[in-house]
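Right, one structure below, let's go through it.
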Amino acid sequence: MSEIMKKLFTVICLFLLSLSAFSQWFWQNPLPQGNSLYSVYFTDANTGYAVSDAGTIIKTTDGGTNWISLSSGTTVFLNSVYFPDANTGYAVGNYGTILKTINGGTNWASLSSGTSEYLSSVHFPDANTGYAVGVSGTILKTTDGGTNWISLPSGTYNYLTSVFFTDASVGYVVGGNGTILKTTDGGTNWTIQSNITSNSLSSVFFTDANTGYAVGEYGCVLKTTNGGTSWAFIFSGALYYLSSVYFTDASTGYAVGGNGTIIKTTDGGTNWTNQSNGIFNNLSSVFFTDASSGYAVGNYGTIVKTTNGGTSWTPISSGTSSTLYSVYFTDSNTGYAVGWTGTILKTTNGGTNWISLSSGTTEFLNSVYFPDANTGYVVGTSGTILKTTNGGTTWTSLSSGTSNYLSSVYFTDANTGYAVGYPGIILKTINGGTSWTPLSSGASDILSSVYFTDVNTGYVVGWPGIILQTTNGGTSWTPLSSGTTNMLYSVYFSDANTGYVVGENGTILKTTNGGTSWNSIVSGTSRYLLSVHFPDANTGYAVGEGTIIKTTDAGSTWTSLSFGKWLYSVYFTDANTGYAVGMDGTILKTSNCGGLVSIDEQQGPINNLSIFPNPSYNNINITTTIEGYLSIQNIEGQQLLKQEITASTITIDVSTLPSGVYIIRVVGKKGVQVGKFVKQ
């Protein structure tokens with residue numbers, strides 16, 4: 001390429017980068033997108049909106065057949081959306097976020113809410129008057145279309161989840177611990193309605209001035225026929241949490257919730273029947289445009305639609321929600337992604353379509369590599385090694401000689417390959433995988449990634465801060481000084497001398513002398529970085545804990561894009577075209593220089609958890625300042641435990657977990673806390 005063409009290419013890229021950051025990476029799986037959807041609202045039979053993680057707002061103008069992503073200007077979780085008319089809409093979310101559009105979602109402006117609390121629901125009884133509610137008993141009101149918001153005294157510190165007004169003066173709010181509040185003077189005063197349950201309530205809806213419903217935990221349904229003076233329990237038959245309730249008329253109503261639950265009543269709530277829908281993802285919100293047509297949205301971007309009053313529900317969203325851990329392309333069109341419970345996907349058209357291949361296993365698959373167009377290898381848990389010689393049509397299980405998990409695979413030629421894993425495992429084959437020989441690594445902990453620059457010279461990284469080098473095809477391995485004890489997840493060399501390693505706490509290391517010395521590079525993030533790839537000498541990408549970062553100067557500086565989901569692997573087929581895969585089946589693609597610009601992350605700080613003892617054999621004590629959900633993952637991102645927590649100190653029995661390093665993450669209304677512990 002001539003210097004003139006190079007300069008022109010740079011100008012074009014800079015122009016593309018000046019466009020919306022979010023438009024540069026687009027979803028390929030699931031479709032239309034894979035972030036969990038929390039709220040759906042339609043302004044007419046065809047036009048609807050849904051909001052989600054990472055500032056996601058999607059819109060349909062054809063009754064849900066197609067959805068487009070709108071630029072919200074934020075990366076925070078958006079929890080509720082409401083349109084008082086066809087063009088004017090509001091969305092609320094974490095950290096006091098309130099957005100407004102006056103042109104049907106084309107543009108969204110951030111409004112000053114006066115609070116940093118998590119906002120969970122928004123409702124406008126008229127064009128100018130609106131309410132938003134959230135954690136710590138927060139109730140906000142505007143009388144000028146959102147320009148100004150005032151805080152109203154609610155009389156409670158419980159988490160408030162849903163707000164609904166029957167007219168300009170009379171409104172209801174529900175929330176945690178069975179909270180039901182009512183106002184008759186436009187929010188100036190709120191009275192606590194007779195509490196008949198301690199179950200948390202998630203949604204409230206009134207069909208007229210006197211008749212209303214509230215739903216929540218354990219399939220709870222409450223009904224009032226006297227404007228909230230008294231509420232009666234109704235047996236719904238639901239086994240799971242109910243997240244949202246909606247009535248199309250005085251008699252007919254729907255509620256949705258956990259495990260794909262959809263229930264329906266045709267007699268004003270006296271009896272409820274389960275609607276068979278074939279969905280098992282949690283559903284968060286339901287909305288009907290008329291007596292027959294309705295929508296429900298939920299986890300992993302789930303969207304389902306009914307056109308017959310709930311008799312049947314058709315999925316609008318498509319694709320796998322199985323977490324993907326590795327992606328590899330053999331040419332510009334043909335690629336593979338592998339992951340959870342034996343998932344192998346293949347594309348032959350640059351990711352436009354992905355088809356599921358039969359792997360013959362339910363083990364977690366952690367890494368995929370193809371030494372040529374037809375021959376490929378996959379490694380995973382329980383010593384799994386799979387091989388294909390026909391481009392993935394069939395896969396054969398190979399004997400690895402180990403039952404421990406394998407995290408990464410790399411081939412230097414058609415016959416010679418390496419696989420690494422835990423504890424300190426390095427395997428080598430010289431006959432295309434027919435047999436594997438264990439090599440002495442000198443390591444006893446997790447080895448997470450392997451990369452060779454030629455047939456003899458290779459590198460392996462792992463924990464704690466391990467970098468190993470071989471110059472004789474794996475016969476011996478020499479520890480290199482990394483200068484860190486952080487977990488290292490991925491290694492990549494852009495040439496024989498220049499290499500990069502990424503890891504926890506935003507760690508990026510670089511060598512320019514074939515690993516003799518490594519320098520720490522400022523990444524601009526403290527998040528986990530799990531994969532690194534350089535399509536050319538200067539341009540590189542790293543992905544990880546809800547982030548994508550990019551360098552165009554060989555690692556000297558990095559710009560970042562907050563994404564919201566964990567990404568485990570990144571791969572570029574050329575300087576412009578790349579793919580990233582991760583949590584909940586996420587597959588992203590960029591085709592215009594990577595398209596990353598630095599944007600302000602509004603997700604707040606991610607703080608460390610206190611974990612003791614660490615390392616541990618049996619129990620760990622976790623101290624957190626967040627109420628929400630605690631999850632434990634191994635280093636490959638496989639979720640091993642998830643539970644709701646309300647106490648500040650939790651004891652977890654880890655005695656049954658295999659030895660290794662685990663990530664603990666607590667996600668709640670007020671932020672995120674992350675920690676790491678070692679199971680001995």
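To be explicit about the labels: the chains of the structure tokens are called A, B, and onward in the order shown, and within each one the residues are counted from 1, while ligands get numbers from 1 in the order they are shown.
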
- Message: For the structure I just gave you, how does DSSP split range 219-324 of chain A - specifically, which residues are strand (DSSP E)? Reply as number ranges by chain.
- Response: A: 221-224, 232-234, 242-247, 253-257, 262-265, 273-274, 283-288, 294-298, 303-306, 314-315, 324

Saved selection, atoms kept: N, CA and C atoms, as a CSV table (one decimal), in the first residue's frame:
```
chain,number,residue,atom,x,y,z
A,221,VAL,N,-49.6,-12.7,43.8
A,221,VAL,CA,-50.5,-11.8,43.1
A,221,VAL,C,-51.5,-11.2,44.2
A,222,LEU,N,-51.5,-9.9,44.2
A,222,LEU,CA,-52.4,-9.2,45.1
A,222,LEU,C,-53.4,-8.4,44.3
A,223,LYS,N,-54.7,-8.3,44.8
A,223,LYS,CA,-55.7,-7.5,44.1
A,223,LYS,C,-56.4,-6.6,45.1
A,224,THR,N,-56.7,-5.4,44.6
A,224,THR,CA,-57.6,-4.5,45.4
A,224,THR,C,-58.8,-4.1,44.6
A,232,ALA,N,-56.1,-8.3,48.6
A,232,ALA,CA,-56.4,-9.8,48.8
A,232,ALA,C,-55.4,-10.6,48.1
A,233,PHE,N,-54.9,-11.7,48.7
A,233,PHE,CA,-54.1,-12.7,48.0
A,233,PHE,C,-54.9,-13.4,47.0
A,234,ILE,N,-54.3,-13.7,45.8
A,234,ILE,CA,-54.9,-14.5,44.8
A,234,ILE,C,-53.9,-15.6,44.5
A,242,LEU,N,-42.7,-13.2,39.9
A,242,LEU,CA,-43.4,-12.5,38.8
A,242,LEU,C,-42.9,-11.1,38.7
A,243,SER,N,-42.5,-10.7,37.6
A,243,SER,CA,-41.8,-9.4,37.4
A,243,SER,C,-42.7,-8.3,36.8
A,244,SER,N,-43.7,-8.6,36.1
A,244,SER,CA,-44.5,-7.6,35.5
A,244,SER,C,-45.9,-8.1,35.3
A,245,VAL,N,-46.9,-7.1,35.4
A,245,VAL,CA,-48.3,-7.4,35.2
A,245,VAL,C,-48.9,-6.4,34.3
A,246,TYR,N,-49.8,-6.9,33.4
A,246,TYR,CA,-50.5,-6.0,32.4
A,246,TYR,C,-51.9,-6.5,32.1
A,247,PHE,N,-52.9,-5.6,32.1
A,247,PHE,CA,-54.2,-5.9,31.8
A,247,PHE,C,-54.7,-5.2,30.5
A,253,GLY,N,-55.9,-10.3,32.0
A,253,GLY,CA,-54.5,-9.8,32.3
A,253,GLY,C,-53.5,-10.8,32.2
A,254,TYR,N,-52.2,-10.4,32.2
A,254,TYR,CA,-51.1,-11.3,32.1
A,254,TYR,C,-50.0,-10.9,33.1
A,255,ALA,N,-49.3,-11.9,33.5
A,255,ALA,CA,-48.1,-11.6,34.4
A,255,ALA,C,-47.0,-12.5,33.9
A,256,VAL,N,-45.7,-12.0,33.9
A,256,VAL,CA,-44.6,-12.8,33.5
A,256,VAL,C,-43.5,-12.8,34.5
A,257,GLY,N,-42.6,-13.7,34.4
A,257,GLY,CA,-41.6,-13.8,35.5
A,257,GLY,C,-40.5,-14.9,35.2
A,262,ILE,N,-45.4,-17.3,32.0
A,262,ILE,CA,-46.4,-16.4,31.5
A,262,ILE,C,-47.7,-16.9,32.0
A,263,ILE,N,-48.5,-16.2,32.8
A,263,ILE,CA,-49.8,-16.6,33.3
A,263,ILE,C,-50.8,-15.6,32.8
A,264,LYS,N,-52.1,-16.1,32.7
A,264,LYS,CA,-53.2,-15.3,32.2
A,264,LYS,C,-54.4,-15.5,33.0
A,265,THR,N,-55.2,-14.4,33.2
A,265,THR,CA,-56.5,-14.5,33.8
A,265,THR,C,-57.5,-13.9,32.8
A,273,THR,N,-54.1,-19.1,34.5
A,273,THR,CA,-53.6,-20.3,33.8
A,273,THR,C,-52.3,-20.0,33.2
A,274,ASN,N,-51.4,-21.1,33.2
A,274,ASN,CA,-50.1,-21.0,32.6
A,274,ASN,C,-50.2,-21.0,31.1
A,283,LEU,N,-38.3,-13.7,32.3
A,283,LEU,CA,-39.0,-12.6,31.6
A,283,LEU,C,-39.2,-11.4,32.6
A,284,SER,N,-39.0,-10.2,32.1
A,284,SER,CA,-39.0,-9.0,33.0
A,284,SER,C,-40.1,-8.1,32.8
A,285,SER,N,-40.7,-8.1,31.6
A,285,SER,CA,-41.7,-7.1,31.3
A,285,SER,C,-42.7,-7.6,30.2
A,286,VAL,N,-44.0,-7.2,30.4
A,286,VAL,CA,-45.0,-7.6,29.4
A,286,VAL,C,-45.8,-6.4,29.0
A,287,PHE,N,-46.2,-6.3,27.7
A,287,PHE,CA,-47.0,-5.2,27.2
A,287,PHE,C,-47.9,-5.7,26.1
A,288,PHE,N,-49.1,-5.3,26.1
A,288,PHE,CA,-50.1,-5.6,25.0
A,288,PHE,C,-50.5,-4.3,24.2
A,294,GLY,N,-49.4,-9.1,22.0
A,294,GLY,CA,-48.6,-8.7,23.2
A,294,GLY,C,-47.2,-9.2,23.1
A,295,TYR,N,-46.3,-8.6,23.9
A,295,TYR,CA,-44.9,-8.9,23.9
A,295,TYR,C,-44.4,-9.1,25.3
A,296,ALA,N,-43.4,-9.9,25.4
A,296,ALA,CA,-42.7,-10.1,26.7
A,296,ALA,C,-41.2,-10.1,26.4
A,297,VAL,N,-40.4,-9.5,27.3
A,297,VAL,CA,-39.0,-9.5,27.1
A,297,VAL,C,-38.3,-9.9,28.3
A,298,GLY,N,-37.0,-10.3,28.2
A,298,GLY,CA,-36.3,-10.8,29.4
A,298,GLY,C,-34.8,-11.1,29.1
A,303,ILE,N,-37.1,-12.0,23.3
A,303,ILE,CA,-38.4,-11.3,23.0
A,303,ILE,C,-39.3,-12.3,22.4
A,304,VAL,N,-40.5,-12.4,23.0
A,304,VAL,CA,-41.6,-13.3,22.5
A,304,VAL,C,-42.8,-12.5,22.2
A,305,LYS,N,-43.6,-13.0,21.3
A,305,LYS,CA,-44.8,-12.2,20.8
A,305,LYS,C,-46.0,-13.2,20.7
A,306,THR,N,-47.2,-12.7,21.1
A,306,THR,CA,-48.4,-13.5,20.9
A,306,THR,C,-49.3,-12.6,20.0
A,314,THR,N,-44.5,-16.7,20.2
A,314,THR,CA,-43.5,-17.0,19.2
A,314,THR,C,-42.2,-16.2,19.5
A,315,PRO,N,-41.1,-16.9,19.6
A,315,PRO,CA,-39.8,-16.1,19.8
A,315,PRO,C,-39.5,-15.2,18.6
A,324,LEU,N,-19.8,-18.3,25.2
A,324,LEU,CA,-18.8,-18.7,24.3
A,324,LEU,C,-17.4,-18.2,24.8
```

- Task: Skip Val460 in chain A itself and residues of its chain fewer than 3 positions away, then list as a list in words all residues within 10 Å of it, counting only C-alpha atoms.
- Result: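 Within the cut-off, the hits are Ser408, Ala419, Val420, Gly421, Ile426, Ser441, Leu447, Ser448, Ser449, Val450, Tyr451, Phe452, Ile466, Ile467, Leu468, Gln469, Thr470, Trp477, Pro479, Leu488, Tyr489, Ser490, Val491, Tyr492 and Val501 of chain A.
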
Print the selection's residues with N, CA and C atoms to a file, as a tab-separated table (two decimals), in the first residue's frame.
```
chain	number	residue	atom	x	y	z
A	408	SER	N	-6.33	-23.91	26.66
A	408	SER	CA	-5.88	-23.27	25.42
A	408	SER	C	-5.18	-24.30	24.54
A	419	ALA	N	-1.36	-28.09	24.11
A	419	ALA	CA	-2.53	-27.73	24.91
A	419	ALA	C	-2.06	-27.50	26.34
A	420	VAL	N	-2.64	-26.48	26.99
A	420	VAL	CA	-2.24	-26.17	28.37
A	420	VAL	C	-3.47	-26.10	29.25
A	421	GLY	N	-3.24	-26.24	30.58
A	421	GLY	CA	-4.36	-26.21	31.51
A	421	GLY	C	-3.93	-26.23	32.95
A	426	ILE	N	1.07	-28.97	30.40
A	426	ILE	CA	1.40	-28.68	29.00
A	426	ILE	C	1.47	-30.02	28.28
A	441	SER	N	6.48	-28.49	32.89
A	441	SER	CA	6.38	-27.02	32.85
A	441	SER	C	7.04	-26.36	34.04
A	447	LEU	N	-2.42	-22.66	33.94
A	447	LEU	CA	-1.86	-22.15	32.70
A	447	LEU	C	-3.03	-21.88	31.77
A	448	SER	N	-3.13	-20.66	31.27
A	448	SER	CA	-4.37	-20.23	30.61
A	448	SER	C	-4.26	-20.01	29.11
A	449	SER	N	-3.03	-19.82	28.59
A	449	SER	CA	-2.92	-19.48	27.18
A	449	SER	C	-1.56	-19.91	26.65
A	450	VAL	N	-1.52	-20.39	25.39
A	450	VAL	CA	-0.28	-20.80	24.75
A	450	VAL	C	-0.21	-20.19	23.36
A	451	TYR	N	1.03	-19.76	22.97
A	451	TYR	CA	1.23	-19.15	21.65
A	451	TYR	C	2.66	-19.42	21.20
A	452	PHE	N	2.82	-19.80	19.93
A	452	PHE	CA	4.15	-20.04	19.36
A	452	PHE	C	4.42	-19.05	18.24
A	466	ILE	N	2.60	-16.02	35.84
A	466	ILE	CA	3.51	-16.95	35.17
A	466	ILE	C	3.64	-16.62	33.68
A	467	ILE	N	4.89	-16.53	33.22
A	467	ILE	CA	5.20	-16.53	31.79
A	467	ILE	C	6.32	-17.54	31.59
A	468	LEU	N	6.07	-18.55	30.77
A	468	LEU	CA	7.06	-19.57	30.44
A	468	LEU	C	7.44	-19.45	28.97
A	469	GLN	N	8.70	-19.76	28.68
A	469	GLN	CA	9.18	-19.73	27.29
A	469	GLN	C	9.91	-21.03	26.97
A	470	THR	N	9.69	-21.55	25.76
A	470	THR	CA	10.49	-22.65	25.24
A	470	THR	C	11.14	-22.21	23.94
A	477	TRP	N	11.12	-25.63	29.48
A	477	TRP	CA	10.43	-24.35	29.62
A	477	TRP	C	11.15	-23.51	30.67
A	479	PRO	N	11.07	-20.12	33.08
A	479	PRO	CA	10.24	-19.03	33.62
A	479	PRO	C	10.84	-17.66	33.28
A	488	LEU	N	-2.68	-14.08	34.60
A	488	LEU	CA	-2.49	-13.72	33.20
A	488	LEU	C	-3.32	-14.67	32.34
A	489	TYR	N	-4.11	-14.12	31.43
A	489	TYR	CA	-5.10	-14.91	30.72
A	489	TYR	C	-4.78	-15.18	29.25
A	490	SER	N	-4.03	-14.30	28.61
A	490	SER	CA	-3.87	-14.45	27.16
A	490	SER	C	-2.53	-13.89	26.72
A	491	VAL	N	-1.90	-14.57	25.76
A	491	VAL	CA	-0.62	-14.12	25.20
A	491	VAL	C	-0.73	-14.11	23.68
A	492	TYR	N	-0.13	-13.08	23.05
A	492	TYR	CA	-0.14	-12.96	21.59
A	492	TYR	C	1.11	-12.21	21.15
A	501	VAL	N	0.77	-9.63	26.75
A	501	VAL	CA	0.06	-10.50	27.69
A	501	VAL	C	-0.96	-9.65	28.43
```

- Message: Using only C-alpha atoms, which protein or nucleic acid residues come within 10 Å of Asp85 in chain A? Drop anything in the same chain fewer than 5 positions from it, and give the result as a list in words.
- Response: Thr43, Asp44, Ile102, Gly104, Phe124, Asp126 and Ala127 of chain A

- Message: Residues near range 382-385 of chain A, anyone? I mean within 8 Å using only C-alpha atoms, not counting same-chain ones fewer than 2 positions away, as a list in words.
- Response: Glu363, Leu365, Tyr377, Val378, Val379, Gly380, Lys387, Ser397, Leu398, Ser399, Ser400, Gly401, Thr402, Ser403, Asn404, Tyr405 and Leu406 of chain A

Okay, now the selection with N, CA and C atoms, as a short mmCIF file (atom, residue, chain, number, x, y, z; two decimals), in the first residue's frame?
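Output file selection-v8.cif follows:
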```
data_model
loop_
_atom_site.label_atom_id
_atom_site.label_comp_id
_atom_site.auth_asym_id
_atom_site.auth_seq_id
_atom_site.Cartn_x
_atom_site.Cartn_y
_atom_site.Cartn_z
N GLU A 363 -19.11 -31.21 27.75
CA GLU A 363 -18.07 -30.51 28.49
C GLU A 363 -17.97 -29.06 28.04
N LEU A 365 -16.14 -26.10 26.48
CA LEU A 365 -15.07 -26.01 25.48
C LEU A 365 -14.45 -24.62 25.57
N TYR A 377 -9.01 -28.13 16.12
CA TYR A 377 -8.95 -28.74 17.44
C TYR A 377 -9.67 -27.86 18.45
N VAL A 378 -10.29 -28.51 19.42
CA VAL A 378 -10.97 -27.82 20.51
C VAL A 378 -10.56 -28.50 21.81
N VAL A 379 -10.28 -27.72 22.86
CA VAL A 379 -9.98 -28.30 24.17
C VAL A 379 -10.94 -27.75 25.20
N GLY A 380 -11.10 -28.51 26.32
CA GLY A 380 -12.03 -28.07 27.34
C GLY A 380 -11.86 -28.79 28.66
N LYS A 387 -11.25 -33.18 17.61
CA LYS A 387 -10.61 -32.89 16.33
C LYS A 387 -11.61 -33.06 15.19
N SER A 397 -13.39 -37.39 19.43
CA SER A 397 -12.77 -37.19 20.73
C SER A 397 -11.42 -37.87 20.76
N LEU A 398 -10.38 -37.12 21.16
CA LEU A 398 -9.03 -37.65 21.25
C LEU A 398 -8.67 -37.92 22.71
N SER A 399 -7.78 -38.88 22.91
CA SER A 399 -7.33 -39.19 24.27
C SER A 399 -6.21 -38.24 24.65
N SER A 400 -6.47 -37.43 25.69
CA SER A 400 -5.47 -36.45 26.12
C SER A 400 -4.56 -36.99 27.21
N GLY A 401 -5.01 -38.06 27.88
CA GLY A 401 -4.23 -38.60 28.97
C GLY A 401 -4.43 -37.90 30.29
N THR A 402 -5.38 -36.95 30.34
CA THR A 402 -5.66 -36.24 31.59
C THR A 402 -7.16 -36.04 31.72
N SER A 403 -7.62 -35.91 32.95
CA SER A 403 -9.02 -35.58 33.20
C SER A 403 -9.16 -34.16 33.74
N ASN A 404 -8.06 -33.42 33.81
CA ASN A 404 -8.11 -32.03 34.26
C ASN A 404 -8.51 -31.12 33.10
N TYR A 405 -8.90 -29.87 33.46
CA TYR A 405 -9.39 -29.02 32.38
C TYR A 405 -8.24 -28.39 31.62
N LEU A 406 -8.49 -28.25 30.33
CA LEU A 406 -7.55 -27.65 29.40
C LEU A 406 -8.11 -26.32 28.94
#
```

- Item | Contact residues around Asn128 in chain A with only C-alpha atoms at 9 Å, ignoring same-chain residues under 2 positions, as an MDAnalysis selection string | chainID A and resid 84 124:126 130 142:146

Sorted by chain and rising residue number, list the residues of range 273-362 of chain A at most 12 Å from range 561-567 of chain A (counting only C-alpha atoms), each with its closest atom pair and distance in Å to one decimal, as JSON lines.
```
{"residue": "A:Tyr300", "atom": "CA", "partner": "A:Lys565", "partner_atom": "CA", "distance": 10.4}
{"residue": "A:Thr323", "atom": "CA", "partner": "A:Leu567", "partner_atom": "CA", "distance": 9.3}
{"residue": "A:Leu324", "atom": "CA", "partner": "A:Leu567", "partner_atom": "CA", "distance": 8.4}
{"residue": "A:Tyr325", "atom": "CA", "partner": "A:Leu567", "partner_atom": "CA", "distance": 7.9}
{"residue": "A:Ser326", "atom": "CA", "partner": "A:Leu567", "partner_atom": "CA", "distance": 9.4}
{"residue": "A:Val327", "atom": "CA", "partner": "A:Leu567", "partner_atom": "CA", "distance": 10.8}
{"residue": "A:Gly339", "atom": "CA", "partner": "A:Leu567", "partner_atom": "CA", "distance": 11.9}
```
